[in-house]
>>> print(open('start.json').read())   # JSON, C-alpha atoms
[["chain", "number", "residue", "atom", "x", "y", "z"],
["A", 1, "MET", "CA", 2.89, 33.59, 14.34],
["A", 2, "GLU", "CA", -0.89, 33.12, 14.13],
["A", 3, "PHE", "CA", -2.80, 30.33, 12.35],
["A", 4, "LEU", "CA", -6.32, 30.76, 11.02],
["A", 5, "PRO", "CA", -8.68, 28.21, 12.62],
["A", 6, "ASP", "CA", -10.58, 27.62, 9.36],
["A", 7, "ALA", "CA", -7.59, 27.19, 7.04],
["A", 8, "PRO", "CA", -4.67, 24.78, 6.81],
["A", 9, "PRO", "CA", -1.28, 26.14, 7.92],
["A", 10, "LEU", "CA", 0.99, 27.55, 5.27],
["A", 11, "GLY", "CA", 3.58, 25.13, 3.93],
["A", 12, "LYS", "CA", 6.41, 27.39, 5.03],
["A", 13, "TYR", "CA", 5.42, 26.82, 8.67],
["A", 14, "LEU", "CA", 5.24, 23.04, 8.23],
["A", 15, "ALA", "CA", 8.72, 23.08, 6.66],
["A", 16, "SER", "CA", 10.20, 25.57, 9.12],
["A", 17, "SER", "CA", 13.68, 24.90, 10.48],
["A", 18, "ASP", "CA", 12.26, 25.63, 13.94],
["A", 19, "LYS", "CA", 10.79, 22.41, 15.37],
["A", 20, "LYS", "CA", 8.42, 24.31, 17.66],
["A", 21, "ILE", "CA", 6.89, 26.08, 14.66],
["A", 22, "ARG", "CA", 6.63, 22.79, 12.73],
["A", 23, "ASP", "CA", 4.97, 21.05, 15.67],
["A", 24, "LYS", "CA", 2.47, 23.87, 16.15],
["A", 25, "ALA", "CA", 1.64, 23.94, 12.44],
["A", 26, "PHE", "CA", 1.20, 20.17, 12.34],
["A", 27, "LYS", "CA", -1.11, 20.20, 15.34],
["A", 28, "GLN", "CA", -3.19, 22.93, 13.73],
["A", 29, "LEU", "CA", -3.35, 20.89, 10.51],
["A", 30, "SER", "CA", -4.65, 17.84, 12.39],
["A", 31, "VAL", "CA", -7.42, 19.92, 13.92],
["A", 32, "PHE", "CA", -8.26, 21.47, 10.55],
["A", 33, "LEU", "CA", -8.48, 18.14, 8.75],
["A", 34, "SER", "CA", -10.65, 16.54, 11.43],
["A", 35, "ASN", "CA", -13.08, 19.46, 11.50],
["A", 36, "HIS", "CA", -13.22, 20.49, 7.86],
["A", 37, "SER", "CA", -12.95, 17.31, 5.82],
["A", 38, "GLN", "CA", -16.49, 16.98, 4.48],
["A", 39, "GLU", "CA", -15.20, 18.06, 1.05],
["A", 40, "PRO", "CA", -11.71, 17.33, -0.29],
["A", 41, "LEU", "CA", -9.35, 20.29, -0.46],
["A", 42, "PRO", "CA", -8.74, 21.57, -4.01],
["A", 43, "ASN", "CA", -5.83, 19.89, -5.76],
["A", 44, "SER", "CA", -3.86, 23.13, -5.78],
["A", 45, "GLU", "CA", -4.20, 23.41, -1.99],
["A", 46, "LEU", "CA", -3.26, 19.75, -1.45],
["A", 47, "THR", "CA", -0.17, 20.20, -3.63],
["A", 48, "LYS", "CA", 1.00, 23.15, -1.54],
["A", 49, "LEU", "CA", 0.11, 21.37, 1.69],
["A", 50, "TRP", "CA", 2.11, 18.28, 0.74],
["A", 51, "LYS", "CA", 5.08, 20.36, -0.31],
["A", 52, "GLY", "CA", 5.18, 21.58, 3.29],
["A", 53, "LEU", "CA", 4.53, 18.15, 4.82],
["A", 54, "PHE", "CA", 7.19, 16.50, 2.69],
["A", 55, "TYR", "CA", 9.82, 18.90, 3.99],
["A", 56, "CYS", "CA", 8.38, 18.84, 7.49],
["A", 57, "TYR", "CA", 9.38, 15.18, 7.45],
["A", 58, "TRP", "CA", 12.66, 16.04, 5.74],
["A", 59, "MET", "CA", 13.62, 18.23, 8.70],
["A", 60, "SER", "CA", 13.14, 15.39, 11.23],
["A", 61, "ASP", "CA", 16.61, 13.98, 11.88],
["A", 62, "LYS", "CA", 16.53, 11.87, 15.04],
["A", 63, "PRO", "CA", 15.26, 8.27, 14.59],
["A", 64, "LEU", "CA", 12.63, 8.45, 17.34],
["A", 65, "VAL", "CA", 11.34, 11.75, 15.97],
["A", 66, "GLN", "CA", 11.19, 10.26, 12.47],
["A", 67, "GLN", "CA", 9.26, 7.21, 13.67],
["A", 68, "ALA", "CA", 6.77, 9.31, 15.60],
["A", 69, "LEU", "CA", 6.26, 11.82, 12.80],
["A", 70, "SER", "CA", 5.85, 9.14, 10.11],
["A", 71, "SER", "CA", 3.08, 7.56, 12.21],
["A", 72, "GLU", "CA", 1.42, 10.91, 12.84],
["A", 73, "LEU", "CA", 1.52, 11.83, 9.15],
["A", 74, "ALA", "CA", -0.03, 8.52, 8.14],
["A", 75, "GLU", "CA", -2.71, 8.80, 10.81],
["A", 76, "LEU", "CA", -3.92, 12.00, 9.12],
["A", 77, "VAL", "CA", -5.45, 9.69, 6.49],
["A", 78, "LEU", "CA", -7.74, 8.32, 9.22],
["A", 79, "THR", "CA", -8.21, 11.66, 10.96],
["A", 80, "ILE", "CA", -10.09, 12.90, 7.90],
["A", 81, "SER", "CA", -13.73, 11.96, 8.34],
["A", 82, "THR", "CA", -14.80, 11.22, 4.76],
["A", 83, "THR", "CA", -13.38, 8.60, 2.45],
["A", 84, "PRO", "CA", -13.22, 10.83, -0.68],
["A", 85, "ALA", "CA", -11.26, 13.45, 1.25],
["A", 86, "SER", "CA", -8.93, 10.80, 2.67],
["A", 87, "LEU", "CA", -8.31, 9.37, -0.80],
["A", 88, "SER", "CA", -7.58, 12.85, -2.16],
["A", 89, "PHE", "CA", -5.05, 13.30, 0.65],
["A", 90, "LEU", "CA", -3.48, 9.93, -0.26],
["A", 91, "ARG", "CA", -3.27, 10.89, -3.92],
["A", 92, "ALA", "CA", -1.52, 14.13, -3.02],
["A", 93, "PHE", "CA", 0.94, 12.16, -0.84],
["A", 94, "TRP", "CA", 1.90, 9.92, -3.75],
["A", 95, "GLU", "CA", 2.12, 12.78, -6.22],
["A", 96, "ALA", "CA", 4.43, 14.66, -3.85],
["A", 97, "THR", "CA", 6.53, 11.53, -3.27],
["A", 98, "VAL", "CA", 6.96, 10.91, -7.01],
["A", 99, "ARG", "CA", 7.69, 14.58, -7.63],
["A", 100, "GLU", "CA", 10.29, 14.97, -4.88],
["A", 101, "TRP", "CA", 11.83, 11.47, -4.79],
["A", 102, "ASN", "CA", 14.87, 12.09, -6.97],
["A", 103, "GLY", "CA", 15.87, 14.99, -4.74],
["A", 104, "ILE", "CA", 16.17, 12.81, -1.62],
["A", 105, "ASP", "CA", 19.76, 12.20, -0.62],
["A", 106, "ARG", "CA", 21.05, 8.74, 0.23],
["A", 107, "LEU", "CA", 21.08, 9.40, 3.99],
["A", 108, "ARG", "CA", 17.37, 10.23, 4.04],
["A", 109, "LEU", "CA", 16.07, 7.42, 1.81],
["A", 110, "ASP", "CA", 15.43, 4.94, 4.61],
["A", 111, "LYS", "CA", 13.18, 7.27, 6.54],
["A", 112, "TYR", "CA", 11.10, 7.96, 3.42],
["A", 113, "TYR", "CA", 10.81, 4.22, 2.82],
["A", 114, "MET", "CA", 9.46, 4.02, 6.37],
["A", 115, "LEU", "CA", 6.97, 6.80, 5.59],
["A", 116, "ILE", "CA", 5.73, 4.89, 2.54],
["A", 117, "ARG", "CA", 5.22, 1.77, 4.66],
["A", 118, "LYS", "CA", 3.21, 3.77, 7.20],
["A", 119, "PHE", "CA", 1.01, 5.29, 4.49],
["A", 120, "THR", "CA", 0.45, 1.91, 2.84],
["A", 121, "ASN", "CA", -0.76, 0.51, 6.15],
["A", 122, "ALA", "CA", -2.96, 3.55, 6.80],
["A", 123, "ALA", "CA", -4.53, 3.20, 3.35],
["A", 124, "PHE", "CA", -5.47, -0.40, 4.11],
["A", 125, "ARG", "CA", -6.99, 0.62, 7.44],
["A", 126, "LEU", "CA", -8.98, 3.30, 5.61],
["A", 127, "LEU", "CA", -10.37, 0.61, 3.29],
["A", 128, "ILE", "CA", -11.18, -1.56, 6.30],
["A", 129, "ARG", "CA", -13.15, 1.37, 7.72],
["A", 130, "VAL", "CA", -15.47, 1.19, 4.69],
["A", 131, "ASP", "CA", -15.44, -2.65, 4.73],
["A", 132, "TRP", "CA", -13.33, -2.85, 1.54],
["A", 133, "GLU", "CA", -16.11, -1.15, -0.42],
["A", 134, "ALA", "CA", -15.60, -1.81, -4.15],
["A", 135, "ASN", "CA", -15.57, 1.82, -5.31],
["A", 136, "ALA", "CA", -13.15, 2.85, -2.57],
["A", 137, "CYS", "CA", -10.78, -0.01, -3.50],
["A", 138, "ALA", "CA", -11.02, 0.97, -7.18],
["A", 139, "ASP", "CA", -10.25, 4.59, -6.34],
["A", 140, "TYR", "CA", -7.25, 3.56, -4.26],
["A", 141, "ASN", "CA", -5.95, 1.33, -7.04],
["A", 142, "ALA", "CA", -6.35, 4.22, -9.46],
["A", 143, "ILE", "CA", -4.22, 6.40, -7.18],
["A", 144, "LEU", "CA", -1.43, 3.84, -7.43],
["A", 145, "SER", "CA", -1.78, 3.09, -11.15],
["A", 146, "THR", "CA", -2.61, 6.35, -12.92],
["A", 147, "LEU", "CA", -0.35, 9.32, -13.73],
["A", 148, "GLY", "CA", 1.43, 10.50, -10.60],
["A", 149, "GLY", "CA", 1.09, 7.14, -8.89],
["A", 150, "PRO", "CA", 4.01, 4.86, -7.98],
["A", 151, "LEU", "CA", 2.77, 1.92, -10.06],
["A", 152, "CYS", "CA", 1.86, 3.80, -13.24],
["A", 153, "PRO", "CA", 3.45, 2.04, -16.25],
["A", 154, "GLU", "CA", 3.17, 5.11, -18.53],
["A", 155, "ASP", "CA", 4.58, 7.78, -16.19],
["A", 156, "THR", "CA", 8.30, 8.06, -16.93],
["A", 157, "ARG", "CA", 8.78, 10.38, -13.95],
["A", 158, "VAL", "CA", 8.10, 7.56, -11.48],
["A", 159, "PRO", "CA", 11.33, 6.19, -9.98],
["A", 160, "SER", "CA", 11.52, 2.40, -10.27],
["A", 161, "SER", "CA", 12.59, 2.15, -6.62],
["A", 162, "LEU", "CA", 9.07, 3.13, -5.52],
["A", 163, "ALA", "CA", 7.54, 0.12, -7.28],
["A", 164, "TYR", "CA", 10.30, -2.11, -5.89],
["A", 165, "HIS", "CA", 9.68, -0.96, -2.34],
["A", 166, "LEU", "CA", 5.90, -1.34, -2.63],
["A", 167, "ALA", "CA", 6.32, -4.86, -3.99],
["A", 168, "ASP", "CA", 8.55, -5.65, -1.00],
["A", 169, "ILE", "CA", 6.18, -4.37, 1.70],
["A", 170, "TYR", "CA", 2.67, -4.67, 0.24],
["A", 171, "LEU", "CA", 1.83, -8.18, 1.41],
["A", 172, "GLU", "CA", 3.45, -7.60, 4.80],
["A", 173, "GLU", "CA", 1.19, -4.62, 5.45],
["A", 174, "LEU", "CA", -1.90, -6.42, 4.16],
["A", 175, "ASP", "CA", -1.07, -9.29, 6.49],
["A", 176, "LYS", "CA", -0.79, -6.88, 9.43],
["A", 177, "VAL", "CA", -4.27, -5.46, 8.88],
["A", 178, "SER", "CA", -5.58, -9.00, 8.32],
["A", 179, "SER", "CA", -4.42, -9.87, 11.83],
["A", 180, "LEU", "CA", -6.72, -7.28, 13.39],
["A", 181, "PRO", "CA", -9.56, -8.73, 15.49],
["A", 182, "SER", "CA", -12.36, -10.02, 13.27],
["A", 183, "LYS", "CA", -14.77, -7.39, 14.60],
["A", 184, "GLU", "CA", -12.48, -4.72, 13.11],
["A", 185, "ALA", "CA", -11.41, -6.27, 9.80],
["A", 186, "SER", "CA", -13.44, -8.21, 7.25],
["A", 187, "ALA", "CA", -11.93, -10.50, 4.62],
["A", 188, "VAL", "CA", -9.55, -8.82, 2.16],
["A", 189, "PRO", "CA", -10.55, -8.75, -1.55],
["A", 190, "LEU", "CA", -7.06, -9.90, -2.45],
["A", 191, "CYS", "CA", -7.41, -10.11, -6.23],
["A", 192, "THR", "CA", -8.65, -6.53, -6.30],
["A", 193, "MET", "CA", -5.74, -5.35, -4.16],
["A", 194, "LEU", "CA", -3.20, -7.13, -6.37],
["A", 195, "SER", "CA", -4.49, -5.66, -9.64],
["A", 196, "PRO", "CA", -2.18, -2.57, -9.70],
["A", 197, "PHE", "CA", 0.87, -4.85, -9.57],
["A", 198, "LEU", "CA", -0.45, -7.15, -12.29],
["A", 199, "ASN", "CA", -1.23, -4.12, -14.44],
["A", 200, "LEU", "CA", 2.35, -2.87, -14.02],
["A", 201, "ALA", "CA", 3.79, -6.35, -14.61],
["A", 202, "ALA", "CA", 1.82, -6.58, -17.85],
["A", 203, "ARG", "CA", 2.80, -3.20, -19.23],
["A", 204, "THR", "CA", 6.21, -2.27, -17.85],
["A", 205, "ASN", "CA", 9.08, -2.11, -20.33],
["A", 206, "SER", "CA", 11.57, -2.92, -17.56],
["A", 207, "ASN", "CA", 12.58, -6.53, -17.07],
["A", 208, "VAL", "CA", 13.92, -5.63, -13.63],
["A", 209, "THR", "CA", 10.56, -4.21, -12.55],
["A", 210, "TYR", "CA", 8.69, -7.27, -13.81],
["A", 211, "THR", "CA", 11.11, -9.63, -12.05],
["A", 212, "ARG", "CA", 10.89, -7.68, -8.77],
["A", 213, "ILE", "CA", 7.09, -7.86, -8.78],
["A", 214, "GLN", "CA", 7.08, -11.59, -9.44],
["A", 215, "THR", "CA", 9.84, -12.54, -6.98],
["A", 216, "SER", "CA", 8.90, -10.15, -4.16],
["A", 217, "LEU", "CA", 5.12, -10.40, -4.35],
["A", 218, "PHE", "CA", 3.58, -13.17, -6.44],
["A", 219, "ASP", "CA", 6.08, -15.98, -5.87],
["A", 220, "PRO", "CA", 6.05, -15.78, -2.04],
["A", 221, "LEU", "CA", 2.27, -15.33, -1.97],
["A", 222, "ILE", "CA", 1.63, -18.33, -4.21],
["A", 223, "SER", "CA", 4.14, -20.37, -2.23],
["A", 224, "GLU", "CA", 2.35, -19.60, 1.03],
["A", 225, "LEU", "CA", -1.07, -20.34, -0.48],
["A", 226, "SER", "CA", 0.22, -23.67, -1.75],
["A", 227, "SER", "CA", 1.71, -24.54, 1.64],
["A", 228, "ALA", "CA", -1.53, -23.59, 3.42],
["A", 229, "SER", "CA", -3.52, -25.65, 0.91],
["A", 230, "THR", "CA", -1.57, -28.84, 1.55],
["A", 231, "SER", "CA", -1.10, -28.45, 5.31],
["A", 232, "SER", "CA", -3.46, -30.59, 7.34],
["A", 233, "THR", "CA", -1.96, -29.52, 10.65],
["A", 234, "GLU", "CA", -2.40, -25.78, 10.24],
["A", 235, "SER", "CA", -4.44, -24.51, 13.17],
["A", 236, "PRO", "CA", -7.00, -21.76, 12.57],
["A", 237, "VAL", "CA", -5.81, -18.22, 13.11],
["A", 238, "ASP", "CA", -7.16, -16.81, 16.36],
["A", 239, "ARG", "CA", -7.86, -13.21, 15.39],
["A", 240, "SER", "CA", -9.24, -12.35, 18.82],
["A", 241, "GLU", "CA", -5.70, -12.53, 20.19],
["A", 242, "PRO", "CA", -3.55, -9.43, 19.60],
["A", 243, "ALA", "CA", -1.01, -10.03, 16.85],
["A", 244, "ARG", "CA", 1.87, -8.83, 19.02],
["A", 245, "LYS", "CA", 1.24, -11.75, 21.41],
["A", 246, "ARG", "CA", 1.70, -14.35, 18.68],
["A", 247, "SER", "CA", 5.16, -15.67, 17.88],
["A", 248, "ARG", "CA", 6.46, -14.06, 14.70],
["A", 249, "LEU", "CA", 9.30, -16.59, 14.59],
["A", 250, "THR", "CA", 6.98, -19.59, 14.19],
["A", 251, "ASP", "CA", 4.23, -18.02, 12.07],
["A", 252, "PRO", "CA", 4.58, -18.56, 8.29],
["A", 253, "PRO", "CA", 4.65, -15.41, 6.13],
["A", 254, "PHE", "CA", 1.27, -13.86, 5.33],
["A", 255, "ARG", "CA", -0.44, -16.40, 7.59],
["A", 256, "HIS", "CA", -3.32, -14.08, 8.40],
["A", 257, "LEU", "CA", -3.77, -12.85, 4.84],
["A", 258, "VAL", "CA", -4.05, -16.28, 3.22],
["A", 259, "HIS", "CA", -6.70, -17.33, 5.75],
["A", 260, "ASN", "CA", -8.64, -14.06, 5.69],
["A", 261, "SER", "CA", -9.04, -13.18, 2.01],
["A", 262, "ARG", "CA", -12.01, -13.48, -0.30],
["A", 263, "GLY", "CA", -12.91, -13.34, -3.95],
["A", 264, "ASP", "CA", -14.28, -10.16, -5.48],
["A", 265, "ASP", "CA", -17.81, -11.61, -5.61],
["A", 266, "SER", "CA", -18.03, -12.86, -2.03],
["A", 267, "GLN", "CA", -18.00, -11.30, 1.43],
["A", 268, "THR", "CA", -16.56, -14.17, 3.41],
["A", 269, "ALA", "CA", -13.09, -15.70, 3.47],
["A", 270, "ILE", "CA", -12.37, -18.58, 1.10],
["A", 271, "THR", "CA", -9.85, -21.39, 1.37],
["A", 272, "PRO", "CA", -6.20, -20.81, 0.36],
["A", 273, "LEU", "CA", -6.65, -23.31, -2.50],
["A", 274, "GLU", "CA", -9.66, -21.39, -3.85],
["A", 275, "LEU", "CA", -7.78, -18.11, -3.47],
["A", 276, "ARG", "CA", -4.78, -19.51, -5.29],
["A", 277, "SER", "CA", -7.00, -20.58, -8.18],
["A", 278, "LEU", "CA", -8.55, -17.09, -8.41],
["A", 279, "ILE", "CA", -5.13, -15.43, -8.51],
["A", 280, "TYR", "CA", -3.97, -17.68, -11.35],
["A", 281, "GLN", "CA", -7.21, -16.94, -13.20],
["A", 282, "GLN", "CA", -6.48, -13.23, -12.76],
["A", 283, "ILE", "CA", -2.94, -13.70, -14.09],
["A", 284, "PHE", "CA", -4.30, -15.48, -17.18],
["A", 285, "GLU", "CA", -6.87, -12.74, -17.83],
["A", 286, "VAL", "CA", -4.26, -9.98, -17.56],
["A", 287, "ALA", "CA", -1.89, -11.90, -19.84],
["A", 288, "SER", "CA", -4.69, -12.15, -22.43],
["A", 289, "ARG", "CA", -5.31, -8.40, -22.62],
["A", 290, "GLU", "CA", -4.48, -6.61, -25.86],
["A", 291, "GLU", "CA", -2.46, -3.90, -24.09],
["A", 292, "THR", "CA", -0.14, -6.39, -22.36],
["A", 293, "ARG", "CA", 3.37, -6.24, -23.82],
["A", 294, "ASP", "CA", 4.26, -9.40, -25.74],
["A", 295, "VAL", "CA", 7.41, -10.12, -23.76],
["A", 296, "ASN", "CA", 5.50, -9.77, -20.49],
["A", 297, "ARG", "CA", 2.58, -11.80, -21.84],
["A", 298, "LYS", "CA", 4.91, -14.77, -22.32],
["A", 299, "LYS", "CA", 6.17, -14.47, -18.74],
["A", 300, "LEU", "CA", 2.67, -14.21, -17.30],
["A", 301, "TYR", "CA", 1.48, -17.21, -19.33],
["A", 302, "ALA", "CA", 4.52, -19.13, -18.09],
["A", 303, "MET", "CA", 3.67, -18.26, -14.50],
["A", 304, "TRP", "CA", 0.06, -19.36, -15.09],
["A", 305, "LYS", "CA", 1.17, -22.60, -16.74],
["A", 306, "ASP", "CA", 3.48, -23.43, -13.82],
["A", 307, "GLY", "CA", 0.57, -22.80, -11.48],
["A", 308, "MET", "CA", -1.73, -25.10, -13.42],
["A", 309, "GLU", "CA", 0.85, -27.88, -13.33],
["A", 310, "GLU", "CA", 1.31, -27.40, -9.58],
["A", 311, "ALA", "CA", -2.46, -27.35, -9.10],
["A", 312, "GLY", "CA", -2.61, -30.78, -10.70],
["A", 313, "SER", "CA", -0.10, -32.13, -8.22],
["A", 314, "LEU", "CA", -1.98, -30.49, -5.35],
["A", 315, "ASP", "CA", -5.20, -32.18, -6.48],
["A", 316, "MET", "CA", -3.41, -35.52, -6.62],
["A", 317, "ASP", "CA", -2.05, -35.01, -3.10],
["A", 318, "ALA", "CA", -5.51, -34.09, -1.84],
["A", 319, "SER", "CA", -7.04, -37.22, -3.35]]
>>> encode(input="start.json", output="structure tokens")
Amino acid sequence: MEFLPDAPPLGKYLASSDKKIRDKAFKQLSVFLSNHSQEPLPNSELTKLWKGLFYCYWMSDKPLVQQALSSELAELVLTISTTPASLSFLRAFWEATVREWNGIDRLRLDKYYMLIRKFTNAAFRLLIRVDWEANACADYNAILSTLGGPLCPEDTRVPSSLAYHLADIYLEELDKVSSLPSKEASAVPLCTMLSPFLNLAARTNSNVTYTRIQTSLFDPLISELSSASTSSTESPVDRSEPARKRSRLTDPPFRHLVHNSRGDDSQTAITPLELRSLIYQQIFEVASREETRDVNRKKLYAMWKDGMEEAGSLDMDAS
């Protein structure tokens, strides 16, 4: 078996039942992507490549092998040297996941959930690499929200479980990258990063999907922002200390994210109270859009109204 140095390995080698062949093909792919990523691969080539990678991961059975391979697959996003090529690779990952998801048996679901978590984290680290550049963030959001993406409200092929899982893990992974040393990670444009979920919440025809987004993502985030806004004893987050050395039992959820996020028009972190206000403003604007479904509009307005009432009590407490 010979691989061409200037071409990606064939999918049949990546999905081989022989682990030695899979490992060799994967290593060759890593070299190829790092050396030849100035221009994105054509969509047809990425589709074939991800067919092989999807089943390369399928063939990994032992937990330690699965964990290692999921990390290695996600790191390919950062191995690629240009952002457009990395984003094309991410798009192909999501298109393959949506396409193949219903064929995954129950025993393999958990490891693919782990793969999604790894790719979500890698995508955020890619955006950190370009300092959360506005066009890169918009392109990433489009990957999630347009046809073939896991948060696309119009694509009936997308399994609801993908949106549920992303809503469950999204803030956790954003918080992880927010805990990186300040020299590595600038403030997160949180409203921008939340927009795919608000878009889905506004336009989904599934009450279950809307409820999952609100209860798994917006409710806990708003709760933590409110707590951080009223806490006078909260000590500043020391981002020079590795996150693994801080106690995860005593830290509140999303502690790093709520203290290291910014508005879309600023480059520096703003206070949790200011961030909370911006998120509610975003909710109101999305609720006001013509394309928002009426039943969802009422729910979004209700969430905004509750926030405004709570903001009044917060202002009274502060005074």
>>> closest_residue(input="start.json", among="A:Arg289, A:Tyr13, A:Glu75, A:Leu33", to="Lys48 of chain A", atoms="all atoms listed in the file")
A:Tyr13
>>> residues_around(input="start.json", residues="Leu109 of chain A", least_positions_apart="4", cutoff="12 Å", atoms="all atoms listed in the file", output="PyMOL selection string")
chain A and resi 57-58+97+100-105+113-116+161-162+165
>>> write_last_selection(input="start.json", atoms="C-alpha atoms", output="PDB file, keeping the file's coordinate frame")
ATOM      1  CA  TYR A  57       9.380  15.180   7.450  1.00  0.00           C
ATOM      2  CA  TRP A  58      12.660  16.040   5.740  1.00  0.00           C
ATOM      3  CA  THR A  97       6.530  11.530  -3.270  1.00  0.00           C
ATOM      4  CA  GLU A 100      10.290  14.970  -4.880  1.00  0.00           C
ATOM      5  CA  TRP A 101      11.830  11.470  -4.790  1.00  0.00           C
ATOM      6  CA  ASN A 102      14.870  12.090  -6.970  1.00  0.00           C
ATOM      7  CA  GLY A 103      15.870  14.990  -4.740  1.00  0.00           C
ATOM      8  CA  ILE A 104      16.170  12.810  -1.620  1.00  0.00           C
ATOM      9  CA  ASP A 105      19.760  12.200  -0.620  1.00  0.00           C
ATOM     10  CA  TYR A 113      10.810   4.220   2.820  1.00  0.00           C
ATOM     11  CA  MET A 114       9.460   4.020   6.370  1.00  0.00           C
ATOM     12  CA  LEU A 115       6.970   6.800   5.590  1.00  0.00           C
ATOM     13  CA  ILE A 116       5.730   4.890   2.540  1.00  0.00           C
ATOM     14  CA  SER A 161      12.590   2.150  -6.620  1.00  0.00           C
ATOM     15  CA  LEU A 162       9.070   3.130  -5.520  1.00  0.00           C
ATOM     16  CA  HIS A 165       9.680  -0.960  -2.340  1.00  0.00           C
TER      17      HIS A 165
END
>>> residues_around(input="start.json", residues="Asp23 of chain A", least_positions_apart="3", cutoff="12 Å", atoms="all atoms listed in the file", output="CSV table (one decimal) with C-alpha atoms, keeping the file's coordinate frame")
chain,number,residue,atom,x,y,z
A,9,PRO,CA,-1.3,26.1,7.9
A,13,TYR,CA,5.4,26.8,8.7
A,14,LEU,CA,5.2,23.0,8.2
A,15,ALA,CA,8.7,23.1,6.7
A,16,SER,CA,10.2,25.6,9.1
A,17,SER,CA,13.7,24.9,10.5
A,18,ASP,CA,12.3,25.6,13.9
A,19,LYS,CA,10.8,22.4,15.4
A,20,LYS,CA,8.4,24.3,17.7
A,26,PHE,CA,1.2,20.2,12.3
A,27,LYS,CA,-1.1,20.2,15.3
A,28,GLN,CA,-3.2,22.9,13.7
A,29,LEU,CA,-3.4,20.9,10.5
A,30,SER,CA,-4.6,17.8,12.4
A,53,LEU,CA,4.5,18.2,4.8
A,56,CYS,CA,8.4,18.8,7.5
A,57,TYR,CA,9.4,15.2,7.4
A,59,MET,CA,13.6,18.2,8.7
A,60,SER,CA,13.1,15.4,11.2
A,65,VAL,CA,11.3,11.8,16.0
A,68,ALA,CA,6.8,9.3,15.6
A,69,LEU,CA,6.3,11.8,12.8
A,72,GLU,CA,1.4,10.9,12.8
A,73,LEU,CA,1.5,11.8,9.2
>>> residues_near_point(input="start.json", point="(-14.9, 9.2, 2.0)", cutoff="9 Å", atoms="only C-alpha atoms", output="PyMOL selection string")
chain A and resi 38-39+80-87+130+136
>>> atom_distance(input="start.json", atom1="atom CA of Glu285 of chain A", atom2="atom CA of Leu300 of chain A")
9.7 Å
>>> closest_residue(input="start.json", among="A:Arg276, A:Arg129, A:Arg203, A:Arg117", to="Glu291 of chain A", atoms="all atoms listed in the file")
A:Arg203
>>> atom_distance(input="start.json", atom1="atom CA of Ala96 of chain A", atom2="atom CA of Asp110 of chain A")
16.9 Å
>>> decode(input="start.json", residues="segment 91-103 of chain A", atoms="N, CA and C atoms", output="PDB file, in the first residue's frame")
ATOM      1  N   ARG A  91     -16.980  22.522   7.945  1.00  0.00           N
ATOM      2  CA  ARG A  91     -18.265  22.374   7.257  1.00  0.00           C
ATOM      3  C   ARG A  91     -18.456  20.935   6.789  1.00  0.00           C
ATOM      4  N   ALA A  92     -17.405  20.352   6.224  1.00  0.00           N
ATOM      5  CA  ALA A  92     -17.502  18.977   5.749  1.00  0.00           C
ATOM      6  C   ALA A  92     -17.739  18.010   6.910  1.00  0.00           C
ATOM      7  N   PHE A  93     -17.139  18.295   8.078  1.00  0.00           N
ATOM      8  CA  PHE A  93     -17.389  17.470   9.269  1.00  0.00           C
ATOM      9  C   PHE A  93     -18.874  17.484   9.628  1.00  0.00           C
ATOM     10  N   TRP A  94     -19.470  18.673   9.669  1.00  0.00           N
ATOM     11  CA  TRP A  94     -20.877  18.758  10.060  1.00  0.00           C
ATOM     12  C   TRP A  94     -21.786  18.158   9.004  1.00  0.00           C
ATOM     13  N   GLU A  95     -21.469  18.341   7.750  1.00  0.00           N
ATOM     14  CA  GLU A  95     -22.292  17.747   6.695  1.00  0.00           C
ATOM     15  C   GLU A  95     -22.243  16.228   6.767  1.00  0.00           C
ATOM     16  N   ALA A  96     -21.056  15.676   7.037  1.00  0.00           N
ATOM     17  CA  ALA A  96     -20.930  14.221   7.180  1.00  0.00           C
ATOM     18  C   ALA A  96     -21.686  13.732   8.408  1.00  0.00           C
ATOM     19  N   THR A  97     -21.599  14.481   9.508  1.00  0.00           N
ATOM     20  CA  THR A  97     -22.281  14.085  10.741  1.00  0.00           C
ATOM     21  C   THR A  97     -23.792  14.062  10.539  1.00  0.00           C
ATOM     22  N   VAL A  98     -24.331  15.109   9.919  1.00  0.00           N
ATOM     23  CA  VAL A  98     -25.771  15.157   9.648  1.00  0.00           C
ATOM     24  C   VAL A  98     -26.168  14.017   8.711  1.00  0.00           C
ATOM     25  N   ARG A  99     -25.360  13.782   7.703  1.00  0.00           N
ATOM     26  CA  ARG A  99     -25.681  12.767   6.697  1.00  0.00           C
ATOM     27  C   ARG A  99     -25.671  11.349   7.285  1.00  0.00           C
ATOM     28  N   GLU A 100     -24.728  11.079   8.168  1.00  0.00           N
ATOM     29  CA  GLU A 100     -24.530   9.713   8.656  1.00  0.00           C
ATOM     30  C   GLU A 100     -25.184   9.456  10.017  1.00  0.00           C
ATOM     31  N   TRP A 101     -25.707  10.493  10.663  1.00  0.00           N
ATOM     32  CA  TRP A 101     -26.118  10.361  12.070  1.00  0.00           C
ATOM     33  C   TRP A 101     -27.150   9.271  12.306  1.00  0.00           C
ATOM     34  N   ASN A 102     -28.167   9.207  11.469  1.00  0.00           N
ATOM     35  CA  ASN A 102     -29.243   8.247  11.698  1.00  0.00           C
ATOM     36  C   ASN A 102     -28.797   6.797  11.529  1.00  0.00           C
ATOM     37  N   GLY A 103     -27.611   6.610  10.965  1.00  0.00           N
ATOM     38  CA  GLY A 103     -27.097   5.251  10.810  1.00  0.00           C
ATOM     39  C   GLY A 103     -26.246   4.790  11.978  1.00  0.00           C
TER      40      GLY A 103
END
